[in-house]
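Next comes upload.pdb, with PDB, C-alpha atoms.
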ATOM      1  CA  MET G  22      63.316 159.927 143.343  1.00  0.00           C
ATOM      2  CA  THR G  23      62.811 157.797 146.383  1.00  0.00           C
ATOM      3  CA  ARG G  24      59.701 156.191 144.839  1.00  0.00           C
ATOM      4  CA  TRP G  25      61.611 155.101 141.691  1.00  0.00           C
ATOM      5  CA  GLY G  26      64.514 153.821 143.740  1.00  0.00           C
ATOM      6  CA  PHE G  27      62.084 151.835 145.830  1.00  0.00           C
ATOM      7  CA  ARG G  28      60.526 150.267 142.724  1.00  0.00           C
ATOM      8  CA  PHE G  29      63.910 149.398 141.189  1.00  0.00           C
ATOM      9  CA  GLY G  30      64.917 147.771 144.466  1.00  0.00           C
ATOM     10  CA  TRP G  31      61.891 145.481 144.424  1.00  0.00           C
ATOM     11  CA  MET G  32      62.497 144.625 140.731  1.00  0.00           C
ATOM     12  CA  ALA G  33      66.126 143.724 141.398  1.00  0.00           C
ATOM     13  CA  LEU G  34      65.057 141.598 144.353  1.00  0.00           C
ATOM     14  CA  GLY G  35      62.481 139.775 142.180  1.00  0.00           C
ATOM     15  CA  ILE G  36      64.988 139.103 139.387  1.00  0.00           C
ATOM     16  CA  GLY G  37      67.491 137.777 141.918  1.00  0.00           C
ATOM     17  CA  ALA G  38      64.874 135.484 143.396  1.00  0.00           C
ATOM     18  CA  LEU G  39      63.945 134.099 139.952  1.00  0.00           C
ATOM     19  CA  TYR G  40      67.612 133.478 139.158  1.00  0.00           C
ATOM     20  CA  GLY G  41      68.071 131.706 142.464  1.00  0.00           C
ATOM     21  CA  PHE G  42      65.057 129.449 141.888  1.00  0.00           C
ATOM     22  CA  SER G  43      66.266 128.660 138.346  1.00  0.00           C
ATOM     23  CA  ALA G  44      69.727 127.722 139.595  1.00  0.00           C
ATOM     24  CA  LEU G  45      68.206 125.592 142.342  1.00  0.00           C
ATOM     25  CA  ALA G  46      65.984 123.825 139.826  1.00  0.00           C
ATOM     26  CA  GLY G  47      69.011 123.101 137.653  1.00  0.00           C
ATOM     27  CA  VAL G  48      70.816 121.526 140.580  1.00  0.00           C
ATOM     28  CA  VAL G  49      67.835 119.412 141.528  1.00  0.00           C
ATOM     29  CA  SER G  50      67.229 118.208 137.941  1.00  0.00           C
ATOM     30  CA  GLY G  51      70.860 117.159 137.494  1.00  0.00           C
ATOM     31  CA  GLY G  52      71.692 119.448 134.604  1.00  0.00           C
ATOM     32  CA  SER G  53      70.627 119.593 131.004  1.00  0.00           C
ATOM     33  CA  LEU G  54      68.200 117.052 129.654  1.00  0.00           C
ATOM     34  CA  ASP G  55      69.975 117.012 126.299  1.00  0.00           C
ATOM     35  CA  PRO G  56      72.200 113.887 125.836  1.00  0.00           C
ATOM     36  CA  PRO G  57      75.941 114.535 125.334  1.00  0.00           C
ATOM     37  CA  GLY G  58      75.812 112.704 121.984  1.00  0.00           C
ATOM     38  CA  SER G  59      73.894 110.150 119.959  1.00  0.00           C
ATOM     39  CA  PRO G  60      73.645 106.768 121.738  1.00  0.00           C
ATOM     40  CA  ASP G  61      75.700 103.887 120.343  1.00  0.00           C
ATOM     41  CA  SER G  62      73.877 101.028 118.638  1.00  0.00           C
ATOM     42  CA  THR G  63      73.474  97.824 120.649  1.00  0.00           C
ATOM     43  CA  MET G  64      72.761  95.739 117.536  1.00  0.00           C
ATOM     44  CA  GLN G  65      75.165  92.845 116.851  1.00  0.00           C
ATOM     45  CA  THR G  66      75.692  90.902 113.651  1.00  0.00           C
ATOM     46  CA  LEU G  67      75.768  87.110 113.546  1.00  0.00           C
ATOM     47  CA  GLU G  68      79.561  87.220 113.279  1.00  0.00           C
ATOM     48  CA  HIS G  69      79.747  88.804 116.757  1.00  0.00           C
ATOM     49  CA  ILE G  70      77.392  86.312 118.395  1.00  0.00           C
ATOM     50  CA  PRO G  71      78.602  82.830 119.446  1.00  0.00           C
ATOM     51  CA  GLY G  72      77.085  79.924 117.587  1.00  0.00           C
ATOM     52  CA  VAL G  73      73.866  78.455 118.935  1.00  0.00           C
ATOM     53  CA  TRP G  74      73.914  74.681 118.769  1.00  0.00           C
ATOM     54  CA  ASP G  75      70.139  74.234 118.789  1.00  0.00           C
ATOM     55  CA  ARG G  76      69.461  75.850 115.411  1.00  0.00           C
ATOM     56  CA  VAL G  77      69.315  74.085 112.047  1.00  0.00           C
ATOM     57  CA  LEU G  78      70.449  76.058 108.986  1.00  0.00           C
ATOM     58  CA  ASP G  79      70.204  75.268 105.281  1.00  0.00           C
ATOM     59  CA  SER G  80      73.492  74.140 103.693  1.00  0.00           C
ATOM     60  CA  THR G  81      72.097  73.669 100.186  1.00  0.00           C
ATOM     61  CA  ASN G  82      71.336  77.280  99.184  1.00  0.00           C
ATOM     62  CA  GLY G  83      74.930  78.430  98.686  1.00  0.00           C
ATOM     63  CA  GLY G  84      76.659  79.694  95.571  1.00  0.00           C
ATOM     64  CA  GLY G  85      79.488  78.121  93.614  1.00  0.00           C
ATOM     65  CA  GLY G  86      81.441  75.553  95.562  1.00  0.00           C
ATOM     66  CA  GLY G  87      78.877  75.481  98.344  1.00  0.00           C
ATOM     67  CA  CYS G  88      79.999  78.806  99.808  1.00  0.00           C
ATOM     68  CA  ASP G  89      77.679  81.462 101.221  1.00  0.00           C
ATOM     69  CA  SER G  90      74.778  79.217 102.127  1.00  0.00           C
ATOM     70  CA  THR G  91      72.689  80.005 105.179  1.00  0.00           C
ATOM     71  CA  ARG G  92      74.852  77.589 107.156  1.00  0.00           C
ATOM     72  CA  PHE G  93      78.320  77.708 105.582  1.00  0.00           C
ATOM     73  CA  GLU G  94      80.422  80.757 104.703  1.00  0.00           C
ATOM     74  CA  CYS G  95      83.858  80.488 103.080  1.00  0.00           C
ATOM     75  CA  VAL G  96      86.365  82.716 104.881  1.00  0.00           C
ATOM     76  CA  PHE G  97      90.096  83.588 104.946  1.00  0.00           C
ATOM     77  CA  LEU G  98      90.402  84.722 101.331  1.00  0.00           C
ATOM     78  CA  MET G  99      94.016  84.917 100.175  1.00  0.00           C
ATOM     79  CA  ALA G 100      96.047  85.048  96.964  1.00  0.00           C
ATOM     80  CA  VAL G 101      97.718  81.813  95.861  1.00  0.00           C
ATOM     81  CA  CYS G 102     100.332  81.652  93.086  1.00  0.00           C
ATOM     82  CA  ASN G 103     101.250  78.203  91.707  1.00  0.00           C
ATOM     83  CA  PRO G 104     102.390  79.406  89.164  1.00  0.00           C
ATOM     84  CA  THR G 105      99.435  81.576  88.112  1.00  0.00           C
ATOM     85  CA  CYS G 106      97.878  83.708  90.809  1.00  0.00           C
ATOM     86  CA  HIS G 107      94.287  83.361  91.968  1.00  0.00           C
ATOM     87  CA  PHE G 108      92.251  83.718  95.134  1.00  0.00           C
ATOM     88  CA  GLU G 109      91.257  80.871  97.441  1.00  0.00           C
ATOM     89  CA  THR G 110      89.311  80.673 100.689  1.00  0.00           C
ATOM     90  CA  LYS G 111      91.066  78.550 103.289  1.00  0.00           C
ATOM     91  CA  GLY G 112      88.397  78.246 105.976  1.00  0.00           C
ATOM     92  CA  VAL G 113      84.701  77.464 106.365  1.00  0.00           C
ATOM     93  CA  LEU G 114      82.615  79.216 109.022  1.00  0.00           C
ATOM     94  CA  ASP G 115      79.737  77.089 110.273  1.00  0.00           C
ATOM     95  CA  HIS G 116      77.028  79.520 111.372  1.00  0.00           C
ATOM     96  CA  GLU G 117      75.271  76.787 113.337  1.00  0.00           C
ATOM     97  CA  THR G 118      78.128  76.459 115.811  1.00  0.00           C
ATOM     98  CA  GLY G 119      80.440  79.418 115.168  1.00  0.00           C
ATOM     99  CA  LEU G 120      83.351  77.042 114.421  1.00  0.00           C
ATOM    100  CA  VAL G 121      85.802  77.689 111.574  1.00  0.00           C
ATOM    101  CA  TRP G 122      87.120  74.533 109.851  1.00  0.00           C
ATOM    102  CA  GLN G 123      89.967  74.065 107.409  1.00  0.00           C
ATOM    103  CA  ARG G 124      88.322  73.948 104.001  1.00  0.00           C
ATOM    104  CA  ASP G 125      90.766  71.490 102.427  1.00  0.00           C
ATOM    105  CA  VAL G 126      89.925  68.324 104.324  1.00  0.00           C
ATOM    106  CA  GLY G 127      92.726  66.459 102.555  1.00  0.00           C
ATOM    107  CA  LEU G 128      95.468  68.538 104.159  1.00  0.00           C
ATOM    108  CA  PHE G 129      96.401  65.948 106.831  1.00  0.00           C
ATOM    109  CA  VAL G 130      95.097  62.587 105.567  1.00  0.00           C
ATOM    110  CA  GLN G 131      98.249  60.478 105.495  1.00  0.00           C
ATOM    111  CA  GLY G 132      97.637  58.940 108.902  1.00  0.00           C
ATOM    112  CA  TYR G 133      98.979  60.237 112.214  1.00  0.00           C
ATOM    113  CA  THR G 134      98.984  59.290 115.852  1.00  0.00           C
ATOM    114  CA  GLN G 135      96.781  61.443 118.064  1.00  0.00           C
ATOM    115  CA  SER G 136      99.807  63.406 119.275  1.00  0.00           C
ATOM    116  CA  GLN G 137     101.071  63.968 115.726  1.00  0.00           C
ATOM    117  CA  ALA G 138      97.626  65.067 114.568  1.00  0.00           C
ATOM    118  CA  SER G 139      97.381  67.567 117.408  1.00  0.00           C
ATOM    119  CA  THR G 140     100.869  68.905 116.641  1.00  0.00           C
ATOM    120  CA  ASN G 141      99.948  69.369 112.965  1.00  0.00           C
ATOM    121  CA  CYS G 142      96.924  71.488 113.860  1.00  0.00           C
ATOM    122  CA  ILE G 143      98.710  73.551 116.500  1.00  0.00           C
ATOM    123  CA  GLY G 144     101.518  74.366 114.063  1.00  0.00           C
ATOM    124  CA  LEU G 145      99.153  75.129 111.180  1.00  0.00           C
ATOM    125  CA  SER G 146      99.113  78.587 109.589  1.00  0.00           C
ATOM    126  CA  LEU G 147      96.165  78.646 107.222  1.00  0.00           C
ATOM    127  CA  GLY G 148      94.699  81.736 105.605  1.00  0.00           C
ATOM    128  CA  ASP G 149      97.341  83.779 107.423  1.00  0.00           C
ATOM    129  CA  ARG G 150      95.741  82.632 110.686  1.00  0.00           C
ATOM    130  CA  ARG G 151      97.092  80.575 113.538  1.00  0.00           C
ATOM    131  CA  GLY G 152      95.272  79.213 116.574  1.00  0.00           C
ATOM    132  CA  TRP G 153      94.125  75.932 114.968  1.00  0.00           C
ATOM    133  CA  ARG G 154      93.617  72.761 117.018  1.00  0.00           C
ATOM    134  CA  LEU G 155      92.082  69.318 116.905  1.00  0.00           C
ATOM    135  CA  PRO G 156      88.306  69.442 117.378  1.00  0.00           C
ATOM    136  CA  THR G 157      86.571  67.739 120.252  1.00  0.00           C
ATOM    137  CA  ALA G 158      84.502  64.652 119.499  1.00  0.00           C
ATOM    138  CA  ALA G 159      81.306  66.691 119.940  1.00  0.00           C
ATOM    139  CA  GLU G 160      82.538  69.322 117.480  1.00  0.00           C
ATOM    140  CA  LEU G 161      83.331  66.652 114.875  1.00  0.00           C
ATOM    141  CA  GLU G 162      79.848  65.228 115.273  1.00  0.00           C
ATOM    142  CA  THR G 163      78.264  68.609 114.489  1.00  0.00           C
ATOM    143  CA  LEU G 164      79.648  68.270 110.961  1.00  0.00           C
ATOM    144  CA  LEU G 165      79.072  64.555 110.454  1.00  0.00           C
ATOM    145  CA  GLY G 166      75.569  64.400 111.878  1.00  0.00           C
ATOM    146  CA  PRO G 167      73.632  61.200 112.636  1.00  0.00           C
ATOM    147  CA  SER G 168      74.414  59.721 109.206  1.00  0.00           C
ATOM    148  CA  THR G 169      78.169  60.388 109.626  1.00  0.00           C
ATOM    149  CA  ALA G 170      78.180  62.106 106.249  1.00  0.00           C
ATOM    150  CA  LEU G 171      78.840  65.780 105.526  1.00  0.00           C
ATOM    151  CA  PRO G 172      75.759  67.989 104.981  1.00  0.00           C
ATOM    152  CA  ALA G 173      74.492  68.232 101.410  1.00  0.00           C
ATOM    153  CA  GLY G 174      75.902  71.196  99.495  1.00  0.00           C
ATOM    154  CA  HIS G 175      78.887  71.625 101.832  1.00  0.00           C
ATOM    155  CA  PRO G 176      81.869  73.702 100.592  1.00  0.00           C
ATOM    156  CA  PHE G 177      84.683  71.442 101.826  1.00  0.00           C
ATOM    157  CA  GLN G 178      87.363  70.362  99.340  1.00  0.00           C
ATOM    158  CA  ASN G 179      89.326  67.135  98.795  1.00  0.00           C
ATOM    159  CA  VAL G 180      87.098  65.142 101.102  1.00  0.00           C
ATOM    160  CA  PRO G 181      88.608  61.638 101.417  1.00  0.00           C
ATOM    161  CA  SER G 182      86.503  58.542 101.000  1.00  0.00           C
ATOM    162  CA  GLY G 183      86.915  54.866 101.692  1.00  0.00           C
ATOM    163  CA  ALA G 184      84.944  51.652 101.746  1.00  0.00           C
ATOM    164  CA  PHE G 185      84.801  51.720 105.553  1.00  0.00           C
ATOM    165  CA  GLY G 186      84.956  55.462 106.014  1.00  0.00           C
ATOM    166  CA  VAL G 187      87.785  57.771 107.031  1.00  0.00           C
ATOM    167  CA  GLY G 188      88.665  58.424 110.657  1.00  0.00           C
ATOM    168  CA  PHE G 189      89.661  61.822 112.077  1.00  0.00           C
ATOM    169  CA  TRP G 190      91.273  62.274 115.455  1.00  0.00           C
ATOM    170  CA  SER G 191      89.492  64.335 118.090  1.00  0.00           C
ATOM    171  CA  SER G 192      91.112  65.861 121.158  1.00  0.00           C
ATOM    172  CA  SER G 193      88.619  64.098 123.442  1.00  0.00           C
ATOM    173  CA  ALA G 194      89.861  61.386 125.754  1.00  0.00           C
ATOM    174  CA  VAL G 195      87.715  58.371 126.536  1.00  0.00           C
ATOM    175  CA  PRO G 196      86.656  58.558 130.223  1.00  0.00           C
ATOM    176  CA  GLY G 197      88.372  55.689 132.011  1.00  0.00           C
ATOM    177  CA  GLY G 198      89.769  54.558 128.680  1.00  0.00           C
ATOM    178  CA  GLY G 199      93.387  54.312 129.736  1.00  0.00           C
ATOM    179  CA  GLY G 200      94.485  57.192 127.516  1.00  0.00           C
ATOM    180  CA  ASN G 201      92.395  56.195 124.501  1.00  0.00           C
ATOM    181  CA  GLY G 202      90.890  58.911 122.344  1.00  0.00           C
ATOM    182  CA  TYR G 203      87.756  59.323 120.261  1.00  0.00           C
ATOM    183  CA  VAL G 204      87.911  59.155 116.475  1.00  0.00           C
ATOM    184  CA  GLY G 205      85.208  60.643 114.246  1.00  0.00           C
ATOM    185  CA  VAL G 206      84.236  58.621 111.187  1.00  0.00           C
ATOM    186  CA  LEU G 207      83.326  60.172 107.844  1.00  0.00           C
ATOM    187  CA  ASN G 208      81.284  57.730 105.737  1.00  0.00           C
ATOM    188  CA  SER G 209      77.722  57.193 104.560  1.00  0.00           C
ATOM    189  CA  ALA G 210      76.564  55.127 107.524  1.00  0.00           C
ATOM    190  CA  GLY G 211      77.788  53.762 110.819  1.00  0.00           C
ATOM    191  CA  ASP G 212      78.923  55.061 114.165  1.00  0.00           C
ATOM    192  CA  ALA G 213      79.837  58.743 114.356  1.00  0.00           C
ATOM    193  CA  VAL G 214      82.729  58.119 116.759  1.00  0.00           C
ATOM    194  CA  PHE G 215      84.629  55.178 118.180  1.00  0.00           C
ATOM    195  CA  GLU G 216      87.458  54.615 120.641  1.00  0.00           C
ATOM    196  CA  SER G 217      91.044  54.068 119.615  1.00  0.00           C
ATOM    197  CA  VAL G 218      94.487  53.839 121.170  1.00  0.00           C
ATOM    198  CA  PRO G 219      96.456  57.098 120.714  1.00  0.00           C
ATOM    199  CA  SER G 220      99.214  55.295 118.798  1.00  0.00           C
ATOM    200  CA  ALA G 221      96.838  54.301 115.977  1.00  0.00           C
ATOM    201  CA  PHE G 222      96.942  56.201 112.686  1.00  0.00           C
ATOM    202  CA  TYR G 223      94.093  58.454 111.599  1.00  0.00           C
ATOM    203  CA  ASP G 224      93.722  61.789 109.850  1.00  0.00           C
ATOM    204  CA  ALA G 225      93.478  65.333 111.226  1.00  0.00           C
ATOM    205  CA  TRP G 226      90.831  67.944 110.452  1.00  0.00           C
ATOM    206  CA  CYS G 227      91.666  71.191 112.204  1.00  0.00           C
ATOM    207  CA  VAL G 228      89.263  73.718 113.668  1.00  0.00           C
ATOM    208  CA  ARG G 229      89.728  77.290 114.829  1.00  0.00           C
ATOM    209  CA  ALA G 230      87.676  78.386 117.843  1.00  0.00           C
ATOM    210  CA  ALA G 231      87.838  78.709 121.595  1.00  0.00           C
ATOM    211  CA  GLU G 232      87.612  75.344 123.305  1.00  0.00           C
TER
END

Whole structure, structure tokens version:
Amino acid sequence: MTRWGFRFGWMALGIGALYGFSALAGVVSGGSLDPPGSPDSTMQTLEHIPGVWDRVLDSTNGGGGGCDSTRFECVFLMAVCNPTCHFETKGVLDHETGLVWQRDVGLFVQGYTQSQASTNCIGLSLGDRRGWRLPTAAELETLLGPSTALPAGHPFQNVPSGAFGVGFWSSSAVPGGGGNGYVGVLNSAGDAVFESVPSAFYDAWCVRAAE
């Protein structure tokens, strides 16, 4: 009886020691190696990544109306009834820069001072979206390019034209220009921007993006 009790005592001691070492190993290792759940994806789509101004994208491979090319995507789809109902896209996303422009360029082309043009954009609700503003001179130039003409295959509508081009106000002030502002010119050739007094009359082409 004593012999069996002796053996059981040593067995219990051995099991206790193994349990203690296992618990100690668990503490040292920091717990289970199994993750609490599947890791979240770190992939981001182009829509979540700010535009990169050093890339050149094709604007001529879009569908009807110039939409859905590599460069331009028509956005802000909404129903319009006048009097029949149909769908229209009110904005154009430029994937080169990440800027969203009003698609109907002819919306504010009656001629405004710089202050009036800015007010028109700030008060604009287009595609059920607010937050529009005048573009900077640099932003205007990303659309006009070195030839001061819109890219081939663009999706913009009611683009004005004139013998000497059409000027659009920017929000950029001329450094040391006594309050003058820069105006972007849309034509087939010539300077992309020029200086003008803020009381002169030019058009407005609104953009939606962080400045």

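Using all atoms listed in the file, the nearest neighbour of Pro219 of chain G within the list G:Ser193, G:Gln178, G:Asn201, G:Asn103 is G:Asn201.
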
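Each of G:Arg92, G:Arg124, G:Lys111, G:Arg229 was compared to Gly148 of chain G using only C-alpha atoms, and G:Lys111 turns out to be the nearest.
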
request  = Name the residues that the PyMOL selection byres ((chain G and resi 179) around 9) pulls out of this structure, and write them as an MDAnalysis selection string.
outcome  = chainID G and resid 124:128 177:178 180:181

Applying 7 Å and only C-alpha atoms, which residues near segment 154-162 of chain G remain after dropping the ones on its own chain fewer than 3 positions away? List them as a tab-separated table (two decimals) with C-alpha atoms, keeping the file's coordinate frame.
chain	number	residue	atom	x	y	z
G	139	SER	CA	97.38	67.57	117.41
G	142	CYS	CA	96.92	71.49	113.86
G	143	ILE	CA	98.71	73.55	116.50
G	165	LEU	CA	79.07	64.56	110.45
G	166	GLY	CA	75.57	64.40	111.88
G	191	SER	CA	89.49	64.33	118.09
G	192	SER	CA	91.11	65.86	121.16
G	193	SER	CA	88.62	64.10	123.44
G	203	TYR	CA	87.76	59.32	120.26
G	205	GLY	CA	85.21	60.64	114.25
G	213	ALA	CA	79.84	58.74	114.36
G	226	TRP	CA	90.83	67.94	110.45
G	227	CYS	CA	91.67	71.19	112.20
G	228	VAL	CA	89.26	73.72	113.67
G	229	ARG	CA	89.73	77.29	114.83

Resolved residues for the PyMOL selection byres ((chain G and resi 96) around 10) as a PDB file with C-alpha atoms, in the coordinates of the input:
ATOM      1  CA  CYS G  88      79.999  78.806  99.808  1.00  0.00           C
ATOM      2  CA  ASP G  89      77.679  81.462 101.221  1.00  0.00           C
ATOM      3  CA  PHE G  93      78.320  77.708 105.582  1.00  0.00           C
ATOM      4  CA  GLU G  94      80.422  80.757 104.703  1.00  0.00           C
ATOM      5  CA  CYS G  95      83.858  80.488 103.080  1.00  0.00           C
ATOM      6  CA  PHE G  97      90.096  83.588 104.946  1.00  0.00           C
ATOM      7  CA  LEU G  98      90.402  84.722 101.331  1.00  0.00           C
ATOM      8  CA  MET G  99      94.016  84.917 100.175  1.00  0.00           C
ATOM      9  CA  GLU G 109      91.257  80.871  97.441  1.00  0.00           C
ATOM     10  CA  THR G 110      89.311  80.673 100.689  1.00  0.00           C
ATOM     11  CA  LYS G 111      91.066  78.550 103.289  1.00  0.00           C
ATOM     12  CA  GLY G 112      88.397  78.246 105.976  1.00  0.00           C
ATOM     13  CA  VAL G 113      84.701  77.464 106.365  1.00  0.00           C
ATOM     14  CA  LEU G 114      82.615  79.216 109.022  1.00  0.00           C
ATOM     15  CA  VAL G 121      85.802  77.689 111.574  1.00  0.00           C
ATOM     16  CA  TRP G 122      87.120  74.533 109.851  1.00  0.00           C
ATOM     17  CA  GLN G 123      89.967  74.065 107.409  1.00  0.00           C
ATOM     18  CA  ARG G 124      88.322  73.948 104.001  1.00  0.00           C
ATOM     19  CA  GLY G 148      94.699  81.736 105.605  1.00  0.00           C
TER      20      GLY G 148
END

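Neighbouring residues of Asn208 of chain G at 12 Å or closer, counting all atoms listed in the file and skipping chain neighbours under 6 positions away, are Leu164, Leu165, Gly166, Pro167, Ser168, Thr169, Ala170, Leu171, Pro172, Val180, Pro181, Ser182, Gly183, Ala184, Phe185, Gly186, Val187, Gly188, Phe189 and Val214 of chain G.
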
query = Expressed in Å to a single decimal, how great is the separation between atom CA of Trp153 of chain G and atom CA of Leu207 of chain G?
reply = 20.4 Å

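For the choices G:Asp115, G:Gly211, G:Glu216, G:Ser136, the atom-to-atom distance to Pro196 of chain G is smallest for G:Glu216 when using only C-alpha atoms.
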
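You will find atom CA of Leu145 of chain G at 11.3 Å from atom CA of Ala225 of chain G.
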
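Here atom CA of Val130 of chain G is placed at a distance of 4.6 Å from atom CA of Asp224 of chain G.
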
Taking all atoms of segment 138-145 of chain G that appear in the file, build a box with edges along x, y and z, extend it by 4 Å on every side, and state its centre and edge lengths in Å to one decimal, as JSON.
{"center_x": 99.2, "center_y": 70.1, "center_z": 114.3, "size_x": 12.6, "size_y": 18.1, "size_z": 14.2}

With the input short on atoms, add N, CA and C atoms back to segment 184-195 of chain G and write it as a PDB file, keeping the file's coordinate frame.
ATOM      1  N   ALA G 184      86.014  52.646 101.645  1.00  0.00           N
ATOM      2  CA  ALA G 184      84.944  51.652 101.746  1.00  0.00           C
ATOM      3  C   ALA G 184      84.389  51.583 103.155  1.00  0.00           C
ATOM      4  N   PHE G 185      85.245  51.793 104.160  1.00  0.00           N
ATOM      5  CA  PHE G 185      84.801  51.720 105.553  1.00  0.00           C
ATOM      6  C   PHE G 185      84.842  53.079 106.232  1.00  0.00           C
ATOM      7  N   GLY G 186      84.937  54.130 105.452  1.00  0.00           N
ATOM      8  CA  GLY G 186      84.956  55.462 106.014  1.00  0.00           C
ATOM      9  C   GLY G 186      86.372  55.906 106.344  1.00  0.00           C
ATOM     10  N   VAL G 187      86.508  57.166 106.681  1.00  0.00           N
ATOM     11  CA  VAL G 187      87.785  57.771 107.031  1.00  0.00           C
ATOM     12  C   VAL G 187      87.689  58.305 108.452  1.00  0.00           C
ATOM     13  N   GLY G 188      88.688  57.999 109.265  1.00  0.00           N
ATOM     14  CA  GLY G 188      88.665  58.424 110.657  1.00  0.00           C
ATOM     15  C   GLY G 188      89.493  59.674 110.879  1.00  0.00           C
ATOM     16  N   PHE G 189      88.965  60.588 111.721  1.00  0.00           N
ATOM     17  CA  PHE G 189      89.661  61.822 112.077  1.00  0.00           C
ATOM     18  C   PHE G 189      89.807  61.877 113.600  1.00  0.00           C
ATOM     19  N   TRP G 190      91.027  62.171 114.030  1.00  0.00           N
ATOM     20  CA  TRP G 190      91.273  62.274 115.455  1.00  0.00           C
ATOM     21  C   TRP G 190      90.499  63.450 116.063  1.00  0.00           C
ATOM     22  N   SER G 191      90.001  63.243 117.275  1.00  0.00           N
ATOM     23  CA  SER G 191      89.492  64.335 118.090  1.00  0.00           C
ATOM     24  C   SER G 191      90.463  64.537 119.246  1.00  0.00           C
ATOM     25  N   SER G 192      90.275  65.609 119.977  1.00  0.00           N
ATOM     26  CA  SER G 192      91.112  65.861 121.158  1.00  0.00           C
ATOM     27  C   SER G 192      90.499  65.254 122.413  1.00  0.00           C
ATOM     28  N   SER G 193      89.351  64.606 122.278  1.00  0.00           N
ATOM     29  CA  SER G 193      88.619  64.098 123.442  1.00  0.00           C
ATOM     30  C   SER G 193      89.163  62.746 123.890  1.00  0.00           C
ATOM     31  N   ALA G 194      89.417  62.647 125.168  1.00  0.00           N
ATOM     32  CA  ALA G 194      89.861  61.386 125.754  1.00  0.00           C
ATOM     33  C   ALA G 194      88.652  60.570 126.191  1.00  0.00           C
ATOM     34  N   VAL G 195      88.785  59.265 126.101  1.00  0.00           N
ATOM     35  CA  VAL G 195      87.715  58.371 126.536  1.00  0.00           C
ATOM     36  C   VAL G 195      87.744  58.291 128.060  1.00  0.00           C
TER      37      VAL G 195
END
